[in-house]
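Data block below; observations after.
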2 protein chains.
Amino acid sequence: MNTIQINPIGYIERKSIEENDKDRSLISKIIINESLIKALDGINDFSHIYIIFWMDKIKDTSYLHHPGKTIDSKPVGIFATRAPIHPNPIGLTLVELIKHEANVLWVRGLDAHDGTPVLDIKPYPDWEHGKCILVDDFRVPNWLKKI
Amino acid sequence: MNTIQINPIGYIERKSIEENDKDRSLISKIIINESLIKALDGINDFSHIYIIFWMDKIKDTSYLHHPGKTIDSKPVGIFATRAPIHPNPIGLTLVELIKHEANVLWVRGLDAHDGTPVLDIKPYPDWEHGKCILVDDFRVPNWLKKI
């Protein structure tokens with residue numbers, strides 16, 4: 001399969017305090033390329049949006065990951081975890097949209113470093129045939145409930 | 001900002017029937033590169049996963065989109081819609097994981113064409129500090145409730 005070329009639509013700006021660099025309670029700014037301002041029209045009618053970003057500081061990758069050192073579990077495949085060391089370090093985070101002004105979005109809940117490139121933005125939730133698609137009835141591994 | 005190079009982790013395989021090519025009720029197969037088989041370990045402990053894919057058949061892009069021709073709404077910014085014509089045509093779909101065998105996943109709910117490259121897979125839901133992050137209390141635009 002061919003390599004895909006992606007141009008970021010913007011980047012994340014946040015006060016970079018090393019120890020809580022990925023703290024979700026902080027507010028981040030998303031600076032969108034000025035050429036895309038029109039594409040943000042009406043986004044503030046949504047309270048929540050997905051941010052899809054590129055974790056460019058991730059250099060390692062791994063096939064297996066141990067989800068928690070304190071729990072008695074064996075390593076699981078990296079696609080069964082949210083650890084950032086996926087083959088493609090794509091971040092996917094649902095955030096609260098606080099404010100939109102021109103080409104800047106203020107959001108709460110983003111676990112990403114200052115300067116991270118943003119690939120796409122999508123409204124939440126997914127919607128089809130007049131109703132939203134939310135899945136409340138799901139199954140997760142036991143190890144996940146312990147971390 | 002620099003262009004990002006992404007190598008797909010696999011591709012989508014589905015019976016291509018033109019008129020319901022993106023029908024979500026059909027079962028799709030996701031064929032993962034054989035070198036990544038270990039990275040799928042334990043994924044079938046999740047009932048639902050996100051598929052992040054690259055809609056390579058999308059050639060157009062637009063800043064504004066009219067969400068529904070039958071409803072009385074004005075065009076909105078493309079980032080406020082799930083229309084595929086985003087600047088980066090990244091697909092994000094929550095699917096039900098039916099079966100996992102070696103490097104193949106069978107899923108229900110994927111609105112993607114046969115042959116679509118897959119960029120990443122993430123378990124659902126997001127999880128932090130011992131609890132899952134699900135947002136039930138959200139606000140959406142009025143136009144969305146009418147389509």
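Going through the structure tokens in order, the chains are called A, B, and so on, while each chain numbers its residues from 1 and the ligands are numbered from 1 in the order shown.
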At a cut-off of 12 Å, can you tabulate as CSV every residue of segment 56-119 of chain B near segment 114-122 of chain A together with its closest atom pair and the distance in Å to one decimal, using only C-alpha atoms and ordering rows by chain then number?
```
residue,atom,partner,partner_atom,distance
B:Gly77,CA,A:Lys122,CA,11.0
B:Ile78,CA,A:Lys122,CA,8.9
B:Phe79,CA,A:Ile121,CA,5.8
B:Ala80,CA,A:Lys122,CA,6.7
B:Thr81,CA,A:Lys122,CA,6.8
B:Arg82,CA,A:Lys122,CA,6.4
B:Ala83,CA,A:Lys122,CA,9.4
B:Pro84,CA,A:Lys122,CA,10.2
B:Ile85,CA,A:Asp120,CA,11.2
B:His86,CA,A:Asp120,CA,7.7
B:Pro87,CA,A:Asp120,CA,7.9
B:Asn88,CA,A:Asp120,CA,6.5
B:Pro89,CA,A:Asp120,CA,8.3
B:Ile90,CA,A:Asp120,CA,7.1
B:Gly91,CA,A:Lys122,CA,9.5
B:Leu92,CA,A:Lys122,CA,8.5
B:Thr93,CA,A:Lys122,CA,11.0
```
- Interface list for chain B, partner chain A, 8 Å threshold, only C-alpha atoms, as JSON, numbers by chain: {"B": [1, 2, 3, 4, 5, 6, 7, 8, 9, 36, 38, 39, 40, 41, 42, 43, 45, 46, 47, 48, 62, 63, 64, 76, 77, 78, 79, 80, 81, 82, 86, 87, 88, 90, 117, 119, 120, 121, 122, 123, 124, 126, 127, 128, 129, 130, 131, 138, 139, 140, 141, 144, 145, 146, 147]}
Let's have chain B fitted on chain A; use all the C-alpha atoms paired in order for the least-squares step and return it as a PDB file with C-alpha atoms, in the first residue's frame.
```pdb
ATOM      1  CA  MET B   1      -0.005  -0.005   0.007  1.00  0.00           C
ATOM      2  CA  ASN B   2       1.126   3.497  -0.776  1.00  0.00           C
ATOM      3  CA  THR B   3       2.374   5.956   1.795  1.00  0.00           C
ATOM      4  CA  ILE B   4      -0.196   8.684   2.477  1.00  0.00           C
ATOM      5  CA  GLN B   5       0.825  12.331   2.690  1.00  0.00           C
ATOM      6  CA  ILE B   6      -1.106  14.445   5.170  1.00  0.00           C
ATOM      7  CA  ASN B   7      -0.856  18.172   5.702  1.00  0.00           C
ATOM      8  CA  PRO B   8      -1.900  19.257   9.204  1.00  0.00           C
ATOM      9  CA  ILE B   9      -4.903  21.603   9.435  1.00  0.00           C
ATOM     10  CA  GLY B  10      -3.391  23.356  12.445  1.00  0.00           C
ATOM     11  CA  TYR B  11      -1.630  22.752  15.740  1.00  0.00           C
ATOM     12  CA  ILE B  12      -2.190  22.653  19.488  1.00  0.00           C
ATOM     13  CA  GLU B  13      -1.013  25.465  21.739  1.00  0.00           C
ATOM     14  CA  ARG B  14      -0.909  25.046  25.485  1.00  0.00           C
ATOM     15  CA  LYS B  15       1.082  26.227  28.427  1.00  0.00           C
ATOM     16  CA  SER B  16       3.783  23.614  28.628  1.00  0.00           C
ATOM     17  CA  ILE B  17       4.254  22.655  32.244  1.00  0.00           C
ATOM     18  CA  GLU B  18       6.334  19.552  32.124  1.00  0.00           C
ATOM     19  CA  GLU B  19       4.732  17.532  34.907  1.00  0.00           C
ATOM     20  CA  ASN B  20       1.141  17.998  33.789  1.00  0.00           C
ATOM     21  CA  ASP B  21       1.863  18.306  30.139  1.00  0.00           C
ATOM     22  CA  LYS B  22      -0.956  15.963  29.233  1.00  0.00           C
ATOM     23  CA  ASP B  23      -3.335  16.938  32.048  1.00  0.00           C
ATOM     24  CA  ARG B  24      -6.822  16.831  30.584  1.00  0.00           C
ATOM     25  CA  SER B  25      -8.255  19.494  32.871  1.00  0.00           C
ATOM     26  CA  LEU B  26      -6.143  22.218  31.275  1.00  0.00           C
ATOM     27  CA  ILE B  27      -7.503  24.337  28.451  1.00  0.00           C
ATOM     28  CA  SER B  28      -5.714  24.011  25.100  1.00  0.00           C
ATOM     29  CA  LYS B  29      -5.933  26.278  22.109  1.00  0.00           C
ATOM     30  CA  ILE B  30      -6.237  24.793  18.655  1.00  0.00           C
ATOM     31  CA  ILE B  31      -4.873  27.129  16.024  1.00  0.00           C
ATOM     32  CA  ILE B  32      -6.362  26.279  12.640  1.00  0.00           C
ATOM     33  CA  ASN B  33      -4.675  27.395   9.411  1.00  0.00           C
ATOM     34  CA  GLU B  34      -6.162  30.736   8.423  1.00  0.00           C
ATOM     35  CA  SER B  35      -7.117  29.439   4.984  1.00  0.00           C
ATOM     36  CA  LEU B  36      -9.611  27.095   6.723  1.00  0.00           C
ATOM     37  CA  ILE B  37     -11.505  29.684   8.793  1.00  0.00           C
ATOM     38  CA  LYS B  38     -14.745  29.174   6.801  1.00  0.00           C
ATOM     39  CA  ALA B  39     -14.637  25.438   7.534  1.00  0.00           C
ATOM     40  CA  LEU B  40     -15.201  26.209  11.242  1.00  0.00           C
ATOM     41  CA  ASP B  41     -18.531  27.987  10.678  1.00  0.00           C
ATOM     42  CA  GLY B  42     -21.142  26.709  13.099  1.00  0.00           C
ATOM     43  CA  ILE B  43     -18.791  24.468  15.072  1.00  0.00           C
ATOM     44  CA  ASN B  44     -19.692  26.210  18.329  1.00  0.00           C
ATOM     45  CA  ASP B  45     -23.210  24.778  18.082  1.00  0.00           C
ATOM     46  CA  PHE B  46     -21.576  21.565  19.273  1.00  0.00           C
ATOM     47  CA  SER B  47     -20.535  21.265  22.914  1.00  0.00           C
ATOM     48  CA  HIS B  48     -18.079  18.436  22.198  1.00  0.00           C
ATOM     49  CA  ILE B  49     -15.776  17.631  19.296  1.00  0.00           C
ATOM     50  CA  TYR B  50     -13.209  14.982  18.449  1.00  0.00           C
ATOM     51  CA  ILE B  51      -9.659  16.149  17.846  1.00  0.00           C
ATOM     52  CA  ILE B  52      -7.541  13.870  15.674  1.00  0.00           C
ATOM     53  CA  PHE B  53      -3.881  14.743  16.041  1.00  0.00           C
ATOM     54  CA  TRP B  54      -0.422  13.443  15.234  1.00  0.00           C
ATOM     55  CA  MET B  55       1.725  12.653  18.280  1.00  0.00           C
ATOM     56  CA  ASP B  56       4.959  13.735  16.658  1.00  0.00           C
ATOM     57  CA  LYS B  57       7.048  13.275  19.803  1.00  0.00           C
ATOM     58  CA  ILE B  58       6.417   9.520  19.797  1.00  0.00           C
ATOM     59  CA  LYS B  59       9.442   7.841  18.296  1.00  0.00           C
ATOM     60  CA  ASP B  60       9.042   4.314  19.618  1.00  0.00           C
ATOM     61  CA  THR B  61       6.565   1.734  18.567  1.00  0.00           C
ATOM     62  CA  SER B  62       5.769  -1.646  20.025  1.00  0.00           C
ATOM     63  CA  TYR B  63       3.495  -4.589  19.330  1.00  0.00           C
ATOM     64  CA  LEU B  64       2.779  -5.414  22.949  1.00  0.00           C
ATOM     65  CA  HIS B  65       2.141  -3.133  25.894  1.00  0.00           C
ATOM     66  CA  HIS B  66       1.719  -3.767  29.600  1.00  0.00           C
ATOM     67  CA  PRO B  67      -1.323  -1.700  30.550  1.00  0.00           C
ATOM     68  CA  GLY B  68      -0.448  -1.149  34.189  1.00  0.00           C
ATOM     69  CA  LYS B  69       2.577  -2.064  36.260  1.00  0.00           C
ATOM     70  CA  THR B  70       0.571  -2.250  39.466  1.00  0.00           C
ATOM     71  CA  ILE B  71      -1.975  -4.741  38.212  1.00  0.00           C
ATOM     72  CA  ASP B  72      -1.685  -8.402  37.614  1.00  0.00           C
ATOM     73  CA  SER B  73      -2.145  -8.563  33.869  1.00  0.00           C
ATOM     74  CA  LYS B  74      -0.101  -9.760  30.986  1.00  0.00           C
ATOM     75  CA  PRO B  75       0.957  -7.554  28.077  1.00  0.00           C
ATOM     76  CA  VAL B  76      -1.721  -6.964  25.432  1.00  0.00           C
ATOM     77  CA  GLY B  77      -1.517  -5.955  21.795  1.00  0.00           C
ATOM     78  CA  ILE B  78      -0.975  -2.264  21.253  1.00  0.00           C
ATOM     79  CA  PHE B  79      -4.244  -1.939  19.269  1.00  0.00           C
ATOM     80  CA  ALA B  80      -6.102  -3.099  22.394  1.00  0.00           C
ATOM     81  CA  THR B  81      -4.744  -0.117  24.345  1.00  0.00           C
ATOM     82  CA  ARG B  82      -4.788   3.669  24.158  1.00  0.00           C
ATOM     83  CA  ALA B  83      -1.030   3.823  24.716  1.00  0.00           C
ATOM     84  CA  PRO B  84       0.411   6.315  22.228  1.00  0.00           C
ATOM     85  CA  ILE B  85       3.036   3.967  20.785  1.00  0.00           C
ATOM     86  CA  HIS B  86       0.850   2.755  17.914  1.00  0.00           C
ATOM     87  CA  PRO B  87       2.506   2.148  14.511  1.00  0.00           C
ATOM     88  CA  ASN B  88       0.860   5.408  13.449  1.00  0.00           C
ATOM     89  CA  PRO B  89       0.840   7.712  16.498  1.00  0.00           C
ATOM     90  CA  ILE B  90      -2.605   9.167  15.838  1.00  0.00           C
ATOM     91  CA  GLY B  91      -4.286  10.761  18.832  1.00  0.00           C
ATOM     92  CA  LEU B  92      -8.071  10.718  19.166  1.00  0.00           C
ATOM     93  CA  THR B  93      -9.591  12.709  22.008  1.00  0.00           C
ATOM     94  CA  LEU B  94     -13.097  13.860  22.739  1.00  0.00           C
ATOM     95  CA  VAL B  95     -12.937  17.394  24.137  1.00  0.00           C
ATOM     96  CA  GLU B  96     -15.301  20.065  25.362  1.00  0.00           C
ATOM     97  CA  LEU B  97     -15.435  23.069  23.064  1.00  0.00           C
ATOM     98  CA  ILE B  98     -15.260  26.141  25.274  1.00  0.00           C
ATOM     99  CA  LYS B  99     -14.978  28.937  22.740  1.00  0.00           C
ATOM    100  CA  HIS B 100     -14.506  29.571  19.031  1.00  0.00           C
ATOM    101  CA  GLU B 101     -13.127  32.805  17.635  1.00  0.00           C
ATOM    102  CA  ALA B 102     -11.860  33.202  14.050  1.00  0.00           C
ATOM    103  CA  ASN B 103      -9.310  30.410  13.515  1.00  0.00           C
ATOM    104  CA  VAL B 104      -8.882  29.484  17.181  1.00  0.00           C
ATOM    105  CA  LEU B 105     -10.740  26.898  19.273  1.00  0.00           C
ATOM    106  CA  TRP B 106     -10.411  26.734  23.053  1.00  0.00           C
ATOM    107  CA  VAL B 107     -10.986  23.188  24.322  1.00  0.00           C
ATOM    108  CA  ARG B 108     -10.866  21.301  27.606  1.00  0.00           C
ATOM    109  CA  GLY B 109      -9.825  17.678  27.853  1.00  0.00           C
ATOM    110  CA  LEU B 110      -7.014  17.383  25.361  1.00  0.00           C
ATOM    111  CA  ASP B 111      -4.139  15.106  26.370  1.00  0.00           C
ATOM    112  CA  ALA B 112      -1.591  16.445  23.885  1.00  0.00           C
ATOM    113  CA  HIS B 113       1.640  18.370  24.012  1.00  0.00           C
ATOM    114  CA  ASP B 114       2.187  21.961  22.942  1.00  0.00           C
ATOM    115  CA  GLY B 115       2.915  22.171  19.215  1.00  0.00           C
ATOM    116  CA  THR B 116       1.219  18.899  18.267  1.00  0.00           C
ATOM    117  CA  PRO B 117      -0.056  18.932  14.646  1.00  0.00           C
ATOM    118  CA  VAL B 118      -3.832  18.539  14.219  1.00  0.00           C
ATOM    119  CA  LEU B 119      -5.097  16.350  11.354  1.00  0.00           C
ATOM    120  CA  ASP B 120      -8.879  16.666  11.573  1.00  0.00           C
ATOM    121  CA  ILE B 121     -11.827  17.770  13.691  1.00  0.00           C
ATOM    122  CA  LYS B 122     -15.179  15.994  13.863  1.00  0.00           C
ATOM    123  CA  PRO B 123     -18.376  16.882  15.681  1.00  0.00           C
ATOM    124  CA  TYR B 124     -19.652  14.632  18.479  1.00  0.00           C
ATOM    125  CA  PRO B 125     -21.612  12.403  18.484  1.00  0.00           C
ATOM    126  CA  ASP B 126     -21.882  10.505  15.226  1.00  0.00           C
ATOM    127  CA  TRP B 127     -25.326  10.862  13.724  1.00  0.00           C
ATOM    128  CA  GLU B 128     -27.224   8.763  11.204  1.00  0.00           C
ATOM    129  CA  HIS B 129     -30.798   8.676   9.960  1.00  0.00           C
ATOM    130  CA  GLY B 130     -31.965  11.306  12.430  1.00  0.00           C
ATOM    131  CA  LYS B 131     -30.465   9.856  15.577  1.00  0.00           C
ATOM    132  CA  CYS B 132     -27.152   9.868  17.293  1.00  0.00           C
ATOM    133  CA  ILE B 133     -24.975   6.800  17.518  1.00  0.00           C
ATOM    134  CA  LEU B 134     -23.889   6.322  21.099  1.00  0.00           C
ATOM    135  CA  VAL B 135     -22.921   2.918  22.405  1.00  0.00           C
ATOM    136  CA  ASP B 136     -23.678   2.381  26.092  1.00  0.00           C
ATOM    137  CA  ASP B 137     -23.793  -1.391  25.968  1.00  0.00           C
ATOM    138  CA  PHE B 138     -20.169  -2.382  25.506  1.00  0.00           C
ATOM    139  CA  ARG B 139     -17.735  -4.951  26.829  1.00  0.00           C
ATOM    140  CA  VAL B 140     -14.153  -4.213  27.893  1.00  0.00           C
ATOM    141  CA  PRO B 141     -11.350  -6.423  29.254  1.00  0.00           C
ATOM    142  CA  ASN B 142     -11.092  -6.955  33.013  1.00  0.00           C
ATOM    143  CA  TRP B 143      -7.606  -5.443  33.122  1.00  0.00           C
ATOM    144  CA  LEU B 144      -9.007  -2.134  31.926  1.00  0.00           C
ATOM    145  CA  LYS B 145     -11.315  -1.856  34.933  1.00  0.00           C
ATOM    146  CA  LYS B 146      -8.322  -2.063  37.267  1.00  0.00           C
ATOM    147  CA  ILE B 147      -6.151   0.751  35.904  1.00  0.00           C
TER     148      ILE B 147
END
```
- Which residues in chain A does DSSP call helix (DSSP H, G or I)? List them as a PyMOL selection string. chain A and resi 18-20+34-40+43-45+78-80+142-146
